[in-house]
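Coordinates as given in protein_26.pdb (PDB, C-alpha atoms):
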ATOM      1  CA  MET A 692     215.358 145.179 112.506
ATOM      2  CA  ALA A 693     215.862 148.726 113.810
ATOM      3  CA  GLN A 694     212.723 150.801 114.123
ATOM      4  CA  LEU A 695     211.706 154.372 114.805
ATOM      5  CA  PRO A 696     209.716 154.993 117.984
ATOM      6  CA  THR A 697     205.982 155.164 117.426
ATOM      7  CA  PRO A 698     204.015 158.186 118.660
ATOM      8  CA  GLU A 699     202.458 155.933 121.291
ATOM      9  CA  ARG A 700     205.861 154.913 122.577
ATOM     10  CA  ILE A 701     207.031 158.525 122.651
ATOM     11  CA  LEU A 702     203.987 159.566 124.664
ATOM     12  CA  ALA A 703     204.554 156.680 127.097
ATOM     13  CA  GLN A 704     208.002 158.038 128.001
ATOM     14  CA  ARG A 705     206.432 161.116 129.575
ATOM     15  CA  GLU A 706     205.407 158.877 132.472
ATOM     16  CA  VAL A 707     209.020 157.992 133.371
ATOM     17  CA  ILE A 708     210.932 161.172 132.495
ATOM     18  CA  ASP A 709     211.635 163.499 135.409
ATOM     19  CA  PRO A 710     209.174 166.392 134.885
ATOM     20  CA  ILE A 711     212.052 168.829 135.318
ATOM     21  CA  PHE A 712     213.097 167.985 131.737
ATOM     22  CA  LEU A 713     209.627 168.271 130.200
ATOM     23  CA  ASN A 714     207.687 171.230 128.777
ATOM     24  CA  SER A 715     210.740 173.293 127.868
ATOM     25  CA  PRO A 716     209.974 176.761 126.492
ATOM     26  CA  LEU A 717     209.302 177.744 122.906
ATOM     27  CA  MET A 718     210.437 181.200 121.886
ATOM     28  CA  ARG A 719     210.529 183.610 118.961
ATOM     29  CA  HIS A 720     212.498 186.831 118.615
ATOM     30  CA  PRO A 721     212.019 189.419 115.871
ATOM     31  CA  ALA A 722     215.752 190.130 115.709
ATOM     32  CA  LEU A 723     216.469 186.461 115.002
ATOM     33  CA  ASP A 724     213.712 186.332 112.388
ATOM     34  CA  GLU A 725     215.199 189.378 110.691
ATOM     35  CA  ALA A 726     218.715 187.914 110.714
ATOM     36  CA  LEU A 727     217.571 184.589 109.262
ATOM     37  CA  GLY A 728     214.868 185.886 106.945
ATOM     38  CA  THR A 729     212.501 183.282 108.369
ATOM     39  CA  ALA A 730     209.894 182.942 111.085
ATOM     40  CA  CYS A 731     212.001 180.884 113.482
ATOM     41  CA  THR A 732     210.700 179.065 116.546
ATOM     42  CA  LEU A 733     213.301 177.861 119.035
ATOM     43  CA  LYS A 734     212.759 174.930 121.379
ATOM     44  CA  VAL A 735     215.038 175.819 124.291
ATOM     45  CA  GLU A 736     216.356 172.698 126.028
ATOM     46  CA  THR A 737     218.863 174.421 128.300
ATOM     47  CA  LEU A 738     216.810 175.500 131.311
ATOM     48  CA  ASN A 739     217.165 172.337 133.369
ATOM     49  CA  PRO A 740     219.785 171.047 135.822
ATOM     50  CA  ILE A 741     221.990 169.443 133.140
ATOM     51  CA  ARG A 742     221.460 172.295 130.655
ATOM     52  CA  SER A 743     220.656 170.006 127.712
ATOM     53  CA  PHE A 744     217.973 167.898 126.051
ATOM     54  CA  GLN A 745     219.741 164.703 127.095
ATOM     55  CA  GLY A 746     217.740 164.362 130.299
ATOM     56  CA  ARG A 747     214.802 163.071 128.265
ATOM     57  CA  GLY A 748     216.195 160.006 126.512
ATOM     58  CA  THR A 749     218.495 159.082 129.370
ATOM     59  CA  GLU A 750     215.632 159.071 131.870
ATOM     60  CA  ALA A 751     213.712 156.774 129.542
ATOM     61  CA  VAL A 752     216.527 154.274 128.999
ATOM     62  CA  VAL A 753     217.640 154.104 132.638
ATOM     63  CA  ALA A 754     214.030 153.571 133.714
ATOM     64  CA  ALA A 755     213.822 150.653 131.258
ATOM     65  CA  MET A 756     217.076 149.110 132.542
ATOM     66  CA  ALA A 757     216.702 149.828 136.250
ATOM     67  CA  ASN A 758     215.547 146.347 137.272
ATOM     68  CA  ASN A 759     218.191 144.561 135.196
ATOM     69  CA  ALA A 760     221.335 146.438 136.211
ATOM     70  CA  PRO A 761     221.952 145.606 139.899
ATOM     71  CA  ASN A 762     225.624 146.559 139.657
ATOM     72  CA  GLY A 763     224.914 149.807 137.849
ATOM     73  CA  VAL A 764     225.133 151.123 134.303
ATOM     74  CA  ILE A 765     227.971 152.305 132.094
ATOM     75  CA  THR A 766     228.037 154.436 128.970
ATOM     76  CA  THR A 767     230.322 156.587 126.848
ATOM     77  CA  SER A 768     229.772 160.303 126.486
ATOM     78  CA  THR A 769     231.414 163.586 125.627
ATOM     79  CA  GLY A 770     229.428 165.061 128.499
ATOM     80  CA  ASN A 771     225.748 165.898 128.088
ATOM     81  CA  PHE A 772     224.504 162.342 127.576
ATOM     82  CA  GLY A 773     226.640 161.283 130.531
ATOM     83  CA  GLN A 774     225.098 163.976 132.701
ATOM     84  CA  GLY A 775     221.674 162.673 131.761
ATOM     85  CA  ILE A 776     222.636 159.100 132.643
ATOM     86  CA  ALA A 777     224.154 160.253 135.924
ATOM     87  CA  TRP A 778     220.984 162.201 136.811
ATOM     88  CA  ALA A 779     218.665 159.319 135.937
ATOM     89  CA  ALA A 780     220.800 156.746 137.749
ATOM     90  CA  ARG A 781     221.115 158.826 140.920
ATOM     91  CA  ARG A 782     217.349 159.418 140.915
ATOM     92  CA  ARG A 783     216.827 155.654 140.946
ATOM     93  CA  GLY A 784     219.642 154.727 143.330
ATOM     94  CA  ILE A 785     221.764 153.112 140.607
ATOM     95  CA  ALA A 786     225.542 153.479 140.212
ATOM     96  CA  ALA A 787     226.668 155.142 136.974
ATOM     97  CA  THR A 788     230.039 154.935 135.238
ATOM     98  CA  ILE A 789     230.772 157.283 132.347
ATOM     99  CA  VAL A 790     233.680 156.736 129.948
ATOM    100  CA  CYS A 791     234.740 159.998 128.302
ATOM    101  CA  PRO A 792     237.316 160.874 125.652
ATOM    102  CA  PHE A 793     240.660 161.937 127.120
ATOM    103  CA  ASN A 794     240.019 165.516 125.920
ATOM    104  CA  ALA A 795     236.426 165.828 127.162
ATOM    105  CA  ASN A 796     235.072 169.224 128.180
ATOM    106  CA  PRO A 797     236.277 169.585 131.806
ATOM    107  CA  MET A 798     233.129 171.494 132.785
ATOM    108  CA  LYS A 799     231.003 168.546 131.664
ATOM    109  CA  VAL A 800     233.288 166.061 133.422
ATOM    110  CA  ALA A 801     232.970 168.009 136.657
ATOM    111  CA  ALA A 802     229.189 168.148 136.263
ATOM    112  CA  MET A 803     228.963 164.365 135.847
ATOM    113  CA  ARG A 804     231.053 163.834 138.959
ATOM    114  CA  ARG A 805     228.866 166.232 140.932
ATOM    115  CA  LEU A 806     225.934 164.019 140.026
ATOM    116  CA  GLY A 807     227.724 161.054 141.570
ATOM    117  CA  ALA A 808     229.022 159.327 138.449
ATOM    118  CA  ASP A 809     232.360 157.523 138.300
ATOM    119  CA  VAL A 810     233.958 159.273 135.320
ATOM    120  CA  ILE A 811     236.771 157.466 133.516
ATOM    121  CA  LEU A 812     238.805 159.429 130.991
ATOM    122  CA  ALA A 813     239.869 157.042 128.245
ATOM    123  CA  ASP A 814     243.536 156.966 127.345
ATOM    124  CA  GLU A 815     244.330 158.837 124.142
ATOM    125  CA  SER A 816     244.980 155.490 122.454
ATOM    126  CA  GLU A 817     241.366 154.501 123.272
ATOM    127  CA  GLY A 818     239.935 157.418 121.280
ATOM    128  CA  ASP A 819     236.360 158.175 122.310
ATOM    129  CA  GLY A 820     236.235 155.189 124.688
ATOM    130  CA  LYS A 821     233.559 153.293 122.775
ATOM    131  CA  ARG A 822     235.642 150.130 122.782
ATOM    132  CA  LEU A 823     236.685 150.501 126.413
ATOM    133  CA  ALA A 824     233.179 150.871 127.852
ATOM    134  CA  PRO A 825     231.805 147.466 126.738
ATOM    135  CA  ARG A 826     234.943 145.755 128.065
ATOM    136  CA  LEU A 827     234.421 147.386 131.441
ATOM    137  CA  ALA A 828     230.741 146.475 131.337
ATOM    138  CA  ALA A 829     231.621 142.796 130.889
ATOM    139  CA  GLU A 830     234.329 142.881 133.562
ATOM    140  CA  ARG A 831     232.184 144.634 136.172
ATOM    141  CA  GLY A 832     228.750 143.242 135.358
ATOM    142  CA  LEU A 833     227.328 146.620 134.388
ATOM    143  CA  GLY A 834     224.421 147.361 132.087
ATOM    144  CA  PHE A 835     225.902 148.909 128.943
ATOM    145  CA  ILE A 836     223.962 151.858 127.515
ATOM    146  CA  GLU A 837     224.969 152.888 124.015
ATOM    147  CA  ASP A 838     223.676 156.254 122.884
ATOM    148  CA  GLY A 839     221.638 155.789 119.730
ATOM    149  CA  LYS A 840     221.145 152.040 120.125
ATOM    150  CA  HIS A 841     218.224 151.872 122.553
ATOM    151  CA  LEU A 842     214.753 152.654 121.266
ATOM    152  CA  GLU A 843     213.884 154.288 124.604
ATOM    153  CA  ILE A 844     216.470 157.019 124.030
ATOM    154  CA  ALA A 845     214.972 158.075 120.705
ATOM    155  CA  ALA A 846     211.462 157.812 122.174
ATOM    156  CA  GLY A 847     212.374 160.025 125.114
ATOM    157  CA  ASN A 848     213.933 162.577 122.770
ATOM    158  CA  GLY A 849     210.776 162.481 120.665
ATOM    159  CA  THR A 850     208.877 164.184 123.480
ATOM    160  CA  ILE A 851     210.547 167.409 122.297
ATOM    161  CA  ALA A 852     208.645 167.234 119.003
ATOM    162  CA  GLN A 853     205.464 166.067 120.748
ATOM    163  CA  GLU A 854     205.506 169.228 122.865
ATOM    164  CA  MET A 855     206.064 171.333 119.757
ATOM    165  CA  THR A 856     203.121 169.980 117.788
ATOM    166  CA  ASP A 857     200.895 170.007 120.868
ATOM    167  CA  ALA A 858     201.661 173.743 121.090
ATOM    168  CA  GLY A 859     200.675 174.222 117.446
ATOM    169  CA  VAL A 860     204.235 174.347 116.058
ATOM    170  CA  THR A 861     204.099 172.519 112.712
ATOM    171  CA  PRO A 862     206.787 174.353 110.735
ATOM    172  CA  ASP A 863     207.651 174.131 107.062
ATOM    173  CA  VAL A 864     211.144 173.040 108.104
ATOM    174  CA  VAL A 865     212.705 171.673 111.281
ATOM    175  CA  VAL A 866     216.486 171.404 111.632
ATOM    176  CA  ILE A 867     217.908 168.691 113.878
ATOM    177  CA  GLN A 868     221.500 168.200 115.002
ATOM    178  CA  ILE A 869     223.003 164.834 114.039
ATOM    179  CA  GLY A 870     225.292 163.140 116.533
ATOM    180  CA  ASP A 871     224.592 159.462 117.098
ATOM    181  CA  GLY A 872     221.156 159.904 115.489
ATOM    182  CA  SER A 873     218.765 159.400 118.403
ATOM    183  CA  LEU A 874     217.592 163.036 118.487
ATOM    184  CA  ALA A 875     216.667 162.930 114.799
ATOM    185  CA  GLU A 876     215.061 159.510 115.158
ATOM    186  CA  GLY A 877     212.786 160.736 117.941
ATOM    187  CA  VAL A 878     212.041 164.267 116.730
ATOM    188  CA  GLY A 879     212.091 163.515 113.012
ATOM    189  CA  GLY A 880     210.057 160.374 113.499
ATOM    190  CA  TRP A 881     207.347 162.284 115.401
ATOM    191  CA  PHE A 882     207.122 164.980 112.727
ATOM    192  CA  LYS A 883     206.879 162.348 109.974
ATOM    193  CA  GLU A 884     203.817 160.934 111.728
ATOM    194  CA  LYS A 885     202.167 164.091 113.059
ATOM    195  CA  SER A 886     203.233 166.810 110.613
ATOM    196  CA  PRO A 887     204.250 165.030 107.397
ATOM    197  CA  ALA A 888     204.411 168.300 105.458
ATOM    198  CA  THR A 889     207.302 169.436 107.676
ATOM    199  CA  ARG A 890     210.650 168.995 105.916
ATOM    200  CA  VAL A 891     213.267 167.514 108.264
ATOM    201  CA  ILE A 892     216.845 168.701 107.749
ATOM    202  CA  GLY A 893     219.664 166.956 109.581
ATOM    203  CA  VAL A 894     222.671 169.086 110.515
ATOM    204  CA  VAL A 895     226.136 167.521 110.515
ATOM    205  CA  ALA A 896     229.365 169.108 111.761
ATOM    206  CA  ALA A 897     231.984 169.262 109.007
ATOM    207  CA  GLY A 898     234.594 168.048 111.483
ATOM    208  CA  ALA A 899     232.499 164.972 112.313
ATOM    209  CA  PRO A 900     231.642 163.459 108.915
ATOM    210  CA  ALA A 901     231.507 159.801 109.977
ATOM    211  CA  MET A 902     227.718 159.546 109.893
ATOM    212  CA  LEU A 903     227.405 160.978 106.395
ATOM    213  CA  LYS A 904     230.319 158.944 105.061
ATOM    214  CA  SER A 905     228.854 155.810 106.620
ATOM    215  CA  MET A 906     225.456 156.367 105.018
ATOM    216  CA  GLU A 907     227.154 156.878 101.670
ATOM    217  CA  ALA A 908     229.175 153.685 102.138
ATOM    218  CA  GLY A 909     226.253 151.650 103.466
ATOM    219  CA  HIS A 910     228.196 150.521 106.536
ATOM    220  CA  PRO A 911     229.850 152.152 109.565
ATOM    221  CA  VAL A 912     233.012 154.073 108.705
ATOM    222  CA  GLU A 913     235.251 155.310 111.517
ATOM    223  CA  ILE A 914     236.603 158.850 111.152
ATOM    224  CA  GLU A 915     238.080 160.797 114.029
ATOM    225  CA  ALA A 916     235.901 163.805 114.820
ATOM    226  CA  VAL A 917     237.637 167.162 115.232
ATOM    227  CA  THR A 918     235.091 169.908 115.881
ATOM    228  CA  ILE A 919     234.075 172.436 118.512
ATOM    229  CA  ALA A 920     230.629 170.789 118.453
ATOM    230  CA  ASP A 921     231.594 168.009 120.857
ATOM    231  CA  GLY A 922     227.998 166.840 121.263
ATOM    232  CA  MET A 923     228.001 165.922 117.553
ATOM    233  CA  ALA A 924     231.507 164.460 117.523
ATOM    234  CA  ILE A 925     230.773 160.842 116.575
ATOM    235  CA  ASP A 926     233.764 158.814 115.367
ATOM    236  CA  LEU A 927     231.964 155.543 114.582
ATOM    237  CA  PRO A 928     228.192 155.483 113.948
ATOM    238  CA  ILE A 929     225.923 152.758 115.254
ATOM    239  CA  PRO A 930     224.674 150.569 112.367
ATOM    240  CA  ALA A 931     221.002 151.078 113.253
ATOM    241  CA  ALA A 932     221.349 154.828 112.702
ATOM    242  CA  LEU A 933     222.405 154.276 109.100
ATOM    243  CA  GLU A 934     219.121 152.480 108.508
ATOM    244  CA  LEU A 935     216.863 154.813 110.470
ATOM    245  CA  LEU A 936     218.093 158.297 109.583
ATOM    246  CA  PRO A 937     217.022 158.146 105.901
ATOM    247  CA  ALA A 938     213.528 157.259 107.134
ATOM    248  CA  CYS A 939     213.157 160.393 109.249
ATOM    249  CA  VAL A 940     215.497 162.976 107.654
ATOM    250  CA  ASP A 941     214.833 164.441 104.214
ATOM    251  CA  GLU A 942     218.229 166.035 103.634
ATOM    252  CA  PHE A 943     221.493 166.844 105.365
ATOM    253  CA  VAL A 944     223.365 170.135 105.707
ATOM    254  CA  VAL A 945     227.023 170.348 106.713
ATOM    255  CA  VAL A 946     228.207 173.266 108.871
ATOM    256  CA  ASP A 947     231.798 174.034 109.794
ATOM    257  CA  ASP A 948     233.183 175.326 113.080
ATOM    258  CA  GLN A 949     233.292 178.927 111.895
ATOM    259  CA  GLN A 950     229.634 178.813 110.903
ATOM    260  CA  ILE A 951     228.686 177.162 114.192
ATOM    261  CA  ALA A 952     230.548 179.846 116.153
ATOM    262  CA  ALA A 953     228.675 182.528 114.202
ATOM    263  CA  ALA A 954     225.387 180.890 115.208
ATOM    264  CA  VAL A 955     226.424 180.866 118.887
ATOM    265  CA  ARG A 956     227.066 184.606 118.614
ATOM    266  CA  LEU A 957     223.805 185.248 116.779
ATOM    267  CA  LEU A 958     221.756 183.506 119.455
ATOM    268  CA  MET A 959     223.452 185.517 122.176
ATOM    269  CA  GLU A 960     223.147 188.822 120.330
ATOM    270  CA  THR A 961     219.515 188.431 119.230
ATOM    271  CA  CYS A 962     217.881 186.271 121.891
ATOM    272  CA  GLY A 963     220.222 186.479 124.866
ATOM    273  CA  LEU A 964     220.589 182.688 124.707
ATOM    274  CA  LEU A 965     223.817 180.921 125.549
ATOM    275  CA  ALA A 966     224.212 177.835 123.388
ATOM    276  CA  GLU A 967     227.128 175.453 123.198
ATOM    277  CA  PRO A 968     228.331 174.752 119.632
ATOM    278  CA  SER A 969     226.200 171.625 119.230
ATOM    279  CA  GLY A 970     223.217 173.538 120.566
ATOM    280  CA  ALA A 971     223.600 176.244 117.938
ATOM    281  CA  ALA A 972     224.314 173.987 114.953
ATOM    282  CA  GLY A 973     220.702 173.992 113.770
ATOM    283  CA  VAL A 974     220.683 177.781 113.639
ATOM    284  CA  ALA A 975     224.015 177.643 111.783
ATOM    285  CA  ALA A 976     222.300 175.593 109.078
ATOM    286  CA  LEU A 977     219.468 178.127 108.840
ATOM    287  CA  MET A 978     222.004 180.934 108.418
ATOM    288  CA  LEU A 979     223.337 179.151 105.316
ATOM    289  CA  ARG A 980     220.004 178.405 103.665
ATOM    290  CA  SER A 981     218.781 181.506 101.863
ATOM    291  CA  ASP A 982     216.299 179.267 100.027
ATOM    292  CA  LEU A 983     214.312 178.981 103.277
ATOM    293  CA  ALA A 984     213.541 182.715 103.347
ATOM    294  CA  GLY A 985     209.954 183.468 104.288
ATOM    295  CA  LEU A 986     209.242 179.997 105.656
ATOM    296  CA  ASP A 987     208.253 178.924 109.143
ATOM    297  CA  VAL A 988     211.219 177.058 110.578
ATOM    298  CA  ALA A 989     212.104 175.490 113.912
ATOM    299  CA  ALA A 990     215.382 174.695 115.631
ATOM    300  CA  ILE A 991     216.268 172.980 118.890
ATOM    301  CA  ILE A 992     218.779 174.645 121.206
ATOM    302  CA  THR A 993     220.062 171.345 122.533
ATOM    303  CA  GLY A 994     222.544 172.474 125.176
ATOM    304  CA  SER A 995     224.339 175.373 126.827
ATOM    305  CA  ASN A 996     227.398 173.688 128.357
ATOM    306  CA  LEU A 997     229.909 175.805 126.495
ATOM    307  CA  ASP A 998     233.512 174.976 127.349
ATOM    308  CA  PRO A 999     235.007 178.164 128.870
ATOM    309  CA  SER A1000     238.151 177.600 126.813
ATOM    310  CA  LEU A1001     236.076 178.324 123.691
ATOM    311  CA  TYR A1002     234.736 181.682 124.856
ATOM    312  CA  SER A1003     237.461 183.748 123.235
ATOM    313  CA  ARG A1004     237.275 181.731 120.014
ATOM    314  CA  VAL A1005     233.503 181.927 119.724
ATOM    315  CA  PHE A1006     232.840 185.473 120.940
ATOM    316  CA  SER A1007     235.859 187.287 119.482
TER     317      SER A1007
END
Final structure tokens representation of the file:
Amino acid sequence: MAQLPTPERILAQREVIDPIFLNSPLMRHPALDEALGTACTLKVETLNPIRSFQGRGTEAVVAAMANNAPNGVITTSTGNFGQGIAWAARRRGIAATIVCPFNANPMKVAAMRRLGADVILADESEGDGKRLAPRLAAERGLGFIEDGKHLEIAAGNGTIAQEMTDAGVTPDVVVIQIGDGSLAEGVGGWFKEKSPATRVIGVVAAGAPAMLKSMEAGHPVEIEAVTIADGMAIDLPIPAALELLPACVDEFVVVDDQQIAAAVRLLMETCGLLAEPSGAAGVAALMLRSDLAGLDVAAIITGSNLDPSLYSRVFS
């Protein structure tokens, strides 16, 4: 049976995660508070070598697999998770293969290759590559890492929330981006244990509705994701996420690409923060929720690897 990471397991991951990904800054800005009508704390996960939160969970899972993957590891990714796997594998002298969608962000692909990963762009007929990667794993004897499936990934991501509560951040509401579910499982799970009064809101991209549709159906439903928020672009959810997310998320908010782009602009204009669309999706949800006015809220800026081809669309 799938399970959320315990606080003890989350704390244990701090021993294996590269310290460069830990203790990311918390920030407030009066201009952002004024724009949102809330007291908003941001957890900024972009000031590290891969410019995203994904270094936490990937360090944890690669550390757990290191002794059982002599030929290396393989995973699928739109970019940030793959960068995390590549970083963690290189740090431990392990080969990493990353299967990406054919239309993956070229900046993220280049970053993974700089970190020494063998990046394979799936053929368009292979979609997001999630069927190709396990075949290659079997053929090449590689350890297959599936984002959202391994408890270590959620536990590593949970260190974000652990740092927040340790710093005294126990907001009325925390918004968490929903991709494969591991960020919400780690962060939401920690808040449920350590700050049960905090309401956890999951944020879903309108162009990537597979997770919501799957929870409604009670089984995985495959829907092609078409959204600028590539880090949330999940076509086919992992079954465990459908069981775990209702246990750590109180409600879900759907944001479209236009609303996400507005949040990217707001973060730049008020805080001077560059966020990629997935990184700004939590703030996009806060911009929609006038019922949260006057509350203490928190959002995670999950990444800043904004595809240059989106600059004119987002900042125009």
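Among the candidates A:Asn848, A:Thr861, A:Thr769, A:Asn714, the residue lying nearest to Gly746 in chain A is A:Asn848 (atoms considered: all atoms listed in the file).
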Please work out which residues fall within 9 Å of (206.0, 156.0, 121.4), coordinates as given in the file, with all atoms listed in the file counting, and return them as a PDB file with C-alpha atoms, in the frame of the given file.
ATOM      1  CA  LEU A 695     211.706 154.372 114.805  1.00  0.00           C
ATOM      2  CA  PRO A 696     209.716 154.993 117.984  1.00  0.00           C
ATOM      3  CA  THR A 697     205.982 155.164 117.426  1.00  0.00           C
ATOM      4  CA  PRO A 698     204.015 158.186 118.660  1.00  0.00           C
ATOM      5  CA  GLU A 699     202.458 155.933 121.291  1.00  0.00           C
ATOM      6  CA  ARG A 700     205.861 154.913 122.577  1.00  0.00           C
ATOM      7  CA  ILE A 701     207.031 158.525 122.651  1.00  0.00           C
ATOM      8  CA  LEU A 702     203.987 159.566 124.664  1.00  0.00           C
ATOM      9  CA  ALA A 703     204.554 156.680 127.097  1.00  0.00           C
ATOM     10  CA  GLN A 704     208.002 158.038 128.001  1.00  0.00           C
ATOM     11  CA  GLU A 843     213.884 154.288 124.604  1.00  0.00           C
ATOM     12  CA  ALA A 846     211.462 157.812 122.174  1.00  0.00           C
ATOM     13  CA  GLY A 847     212.374 160.025 125.114  1.00  0.00           C
ATOM     14  CA  GLY A 849     210.776 162.481 120.665  1.00  0.00           C
ATOM     15  CA  THR A 850     208.877 164.184 123.480  1.00  0.00           C
ATOM     16  CA  GLY A 877     212.786 160.736 117.941  1.00  0.00           C
ATOM     17  CA  TRP A 881     207.347 162.284 115.401  1.00  0.00           C
TER      18      TRP A 881
END
Could you make a table, as a tab-separated table, of the residues of range 783-898 of chain A that have an atom within 12 Å of an atom of range 718-726 of chain A, each with its nearest atom pair and distance in Å to one decimal, counting all atoms listed in the file, in chain and number order?
residue	atom	partner	partner_atom	distance
A:Met855	CA	A:Met718	CA	11.0
A:Ala858	CA	A:Met718	CA	11.5
A:Val860	CA	A:Met718	CA	10.9
For the structure shown, which residues end up in the PyMOL selection byres ((chain A and resi 752) around 10)? Put them as a list in words, please?
Gln704, Val707, Ile708, Arg747, Gly748, Thr749, Glu750, Ala751, Val753, Ala754, Ala755, Met756, Ala757, Ile776, Ala779, Ile836, Glu837, Asp838, His841, Leu842, Glu843, Ile844, Ala845, Ala846 and Gly847 of chain A
If you measure from CA of Ala896 in chain A to CA of Asp947 in chain A, what distance in Å do you get, rounded to one decimal?
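A separation of 5.8 Å between them.
For the file shown, the residue list from the PyMOL selection byres ((chain A and resi 832) around 10) reads Ala760, Pro761, Asn762, Gly763, Val764, Ile765, Arg826, Leu827, Ala828, Ala829, Glu830, Arg831, Leu833, Gly834 and Phe835 of chain A.
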Set the distance at 12 Å and use only C-alpha atoms: which residues neighbour Ser816 in chain A once local chain neighbours fewer than 5 positions away are removed? I'd like the list as a PyMOL selection string.
chain A and resi 792-794+821-823
To test the calculation: enclose all listed atoms of range 938-951 of chain A in a box whose edges run along x, y and z, add 8 Å on each side, then state centre and edge lengths in Å to one decimal, as AutoDock Vina command-line options.
--center_x 223.2 --center_y 168.1 --center_z 108.9 --size_x 36.1 --size_y 37.7 --size_z 26.6
Pick the closest to Arg980 in chain A from A:Val946, A:Leu935, A:Ala897, A:Ile711: which is it, counting only C-alpha atoms?
A:Val946
Give the answer as one residue: which of A:Ala899, A:Ala924, A:Val790, A:Met798 has the shortest atom-to-atom distance to Ile811 in chain A, using all atoms listed in the file?
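That would be A:Val790, the residue with the smallest distance to Ile811 in chain A.
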For Ser995 in chain A, work out the shell of residues within 6 Å, counting all atoms listed in the file and skipping chain neighbours fewer than 6 positions away, then give it as number ranges by chain.
A: 737, 742, 965-967
For a test of reading the model, state the distance in Å between CA of Glu934 in chain A and CA of Val895 in chain A, rounded to one decimal.
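Separation of CA of Glu934 in chain A and CA of Val895 in chain A: 16.7 Å.
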